[in-house]
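The next block holds one structure in the form of structure tokens; read it before the comments.
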Amino acid sequence: MDAAFPALTEMPAPQFVMSAEGHRLATYSWGEDDGASTVLCVHGFASSCRDNWVDTGWVRDLTRAGFRVLGVDQRGHGLSDKPHEPEAYGMEALTADLVAVLDTYLLATVLYAGYSLGARVGWQLAVNAPEHVERAVLGGIPDGRPLARLQIEQARAYADHGTPVEDKVTRNYVTLAERVPGNDLRALVALAEGMRLGDADPDPDRPPQQTILFATGSEDAILERSRALAAATPRGDFVELPDRHHFNAPGSRDFRRAAVDFFTRD
């Protein structure tokens, strides 16, 4: 997405939720708690709630459509705590963080919007805790085994000593990480390593049973795998985002419109 894209919605002060291990999770809320459906927005790797959902117009469009929006900075990102231990970043911990957020806000169930890492976590939340997810938009899923193409040792050497990164994919991830103010590269490397401790791709043999909208850019290398996941999901639908790749798809007007239509559909 374009880092120069102007902020379209005021960023409220964060409200912090404690994870099971005592990590602080920054959350943000827009709209009135007046019975309107809540959309939980969960960002991708090396991004943040502001970067993924606010500066791209998502919060603006969702609140204009009458939804309450609850955003979260996943652990390791934004204003949330950023542990440096890989063991802190398993899928079980990431989904448990979201359940803690919902419990703190007294929300039994939500509409879910996730992109990339946030979509991967959303898939698992919908499968493991289906009572919490009414329906979901999952963008940019899957991206291979989570972050598997990132060369951990090269990224760590760069973070620790400034050693130039030779691997192109790793260099792209490092550039992405450094683009967002406040990112901690050591924490993000720990996340990439931690998610390799047993978490595979979404399992097409055990898909969510909710109504799910999958969305992926036409220029994204994972396009056909995303389409296959949608086909494997009993109530899955798919939208291809024209002229978008993995890193700029969140800024797609077509993506926002498809999501708002999906969430307002009977």
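Residues are named by chain letter and number: chains run A, B, ... in the order of the structure tokens, numbers start at 1 in each chain, and ligands are numbered from 1 in the order shown.
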
Handout entry: Nearby residues (only C-alpha atoms) at most 6 Å from Val137 in chain A, same-chain spacing under 4 positions excluded, as a list in words
Key =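 Once the adjacent positions are removed, what remains is Ala113, Ile212, Leu213 and Phe214 of chain A.
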
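For range 90-97 of chain A, the residues within 9 Å (counting only C-alpha atoms, excluding itself and residues fewer than 2 positions away along the chain) are Val17, Met18, Ser19, Ala20, Leu25, Gln74, Arg75, Pro86, Glu87, Ala88, Val99, Ala100, Val101, Leu102, Arg120, Val121, Gly122, Gln124, Leu125, Asn128, Ala129, Leu191, Gly194, Met195, Arg196, Leu197, Gly198 and Asp199 of chain A.
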
May I have the selected residues written with C-alpha atoms, as a PDB file, in the first residue's frame?
```pdb
ATOM      1  CA  VAL A  17      -5.745  -5.510  26.697  1.00  0.00           C
ATOM      2  CA  MET A  18      -3.561  -8.024  28.525  1.00  0.00           C
ATOM      3  CA  SER A  19      -2.717 -11.325  26.877  1.00  0.00           C
ATOM      4  CA  ALA A  20      -2.636 -14.557  28.871  1.00  0.00           C
ATOM      5  CA  LEU A  25      -2.180  -5.539  23.153  1.00  0.00           C
ATOM      6  CA  GLN A  74      -1.080  -7.931  16.886  1.00  0.00           C
ATOM      7  CA  ARG A  75       1.713  -8.774  19.304  1.00  0.00           C
ATOM      8  CA  PRO A  86      10.213 -16.936  18.818  1.00  0.00           C
ATOM      9  CA  GLU A  87       8.202 -19.057  21.242  1.00  0.00           C
ATOM     10  CA  ALA A  88       5.914 -16.068  21.872  1.00  0.00           C
ATOM     11  CA  VAL A  99     -10.211 -14.032  22.181  1.00  0.00           C
ATOM     12  CA  ALA A 100      -8.800 -11.941  25.051  1.00  0.00           C
ATOM     13  CA  VAL A 101      -9.657  -8.756  23.124  1.00  0.00           C
ATOM     14  CA  LEU A 102     -13.218  -9.936  22.485  1.00  0.00           C
ATOM     15  CA  ARG A 120      -4.201 -16.675   8.525  1.00  0.00           C
ATOM     16  CA  VAL A 121      -5.009 -16.009  12.200  1.00  0.00           C
ATOM     17  CA  GLY A 122      -8.645 -15.349  11.279  1.00  0.00           C
ATOM     18  CA  GLN A 124      -7.715 -20.460  12.605  1.00  0.00           C
ATOM     19  CA  LEU A 125      -9.934 -18.430  14.921  1.00  0.00           C
ATOM     20  CA  ASN A 128     -11.042 -23.287  16.539  1.00  0.00           C
ATOM     21  CA  ALA A 129     -13.475 -20.812  18.108  1.00  0.00           C
ATOM     22  CA  LEU A 191       7.611 -13.821  14.773  1.00  0.00           C
ATOM     23  CA  GLY A 194       8.152 -18.643  15.830  1.00  0.00           C
ATOM     24  CA  MET A 195       5.446 -19.362  13.296  1.00  0.00           C
ATOM     25  CA  ARG A 196       7.601 -22.181  11.911  1.00  0.00           C
ATOM     26  CA  LEU A 197       7.406 -24.117  15.155  1.00  0.00           C
ATOM     27  CA  GLY A 198       4.470 -26.200  13.954  1.00  0.00           C
ATOM     28  CA  ASP A 199       1.954 -23.968  12.187  1.00  0.00           C
TER      29      ASP A 199
END
```

Practice task
Find the distance between CA of Gln15 in chain A and CA of Thr27 in chain A and write it in Å to one decimal.
Solution key: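 Between these atoms lies a distance of 5.2 Å.
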
Exercise for the section: Report the residues of range 34-262 of chain A whose backbone DSSP state falls under alpha helix (DSSP H), written as a PyMOL selection string. Expected result: chain A and resi 49+58-64+91-104+117-128+152-161+168-179+185-194+223-232+253-262

Handout entry: Polymer residues at most 8 Å from range 153-163 of chain A, only C-alpha atoms, same-chain spacing of 5 or more positions, as a ChimeraX atom specification
Key = /A:170-171,174,185-186,189

Problem - Minimum-distance residue to Glu219 in chain A, chosen among A:Pro14, A:Pro242, A:Pro83, A:Gly182 (using only C-alpha atoms) - result: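 Looking only at the distances to Glu219 in chain A, the closest residue turns out to be A:Pro242.
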
Exercise for the section: Would you please work out which residue, of A:Phe263, A:Phe247, A:Tyr105, A:Tyr89, is nearest to Ala65 in chain A when using only C-alpha atoms? Expected result: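 Checking each of A:Phe263, A:Phe247, A:Tyr105, A:Tyr89 against Ala65 in chain A, counting only C-alpha atoms, the winner is A:Phe263.
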
Exercise for the section: Record the distance separating CA of Pro207 in chain A and CA of His77 in chain A, expressed in Å with one decimal. Expected result: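 It comes out at 27.2 Å.
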
Handout entry: Nearest candidate to Arg257 in chain A (options A:Tyr115, A:Trp58, A:Phe45, A:Phe16; using only C-alpha atoms)
Key =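 Checking each candidate against Arg257 in chain A, we get A:Trp58 as the closest.
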
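Between Glu131 in chain A and the residues A:Val180, A:Asp266, A:Gly76, A:Pro208, the shortest atom-to-atom distance, using only C-alpha atoms, involves A:Pro208.
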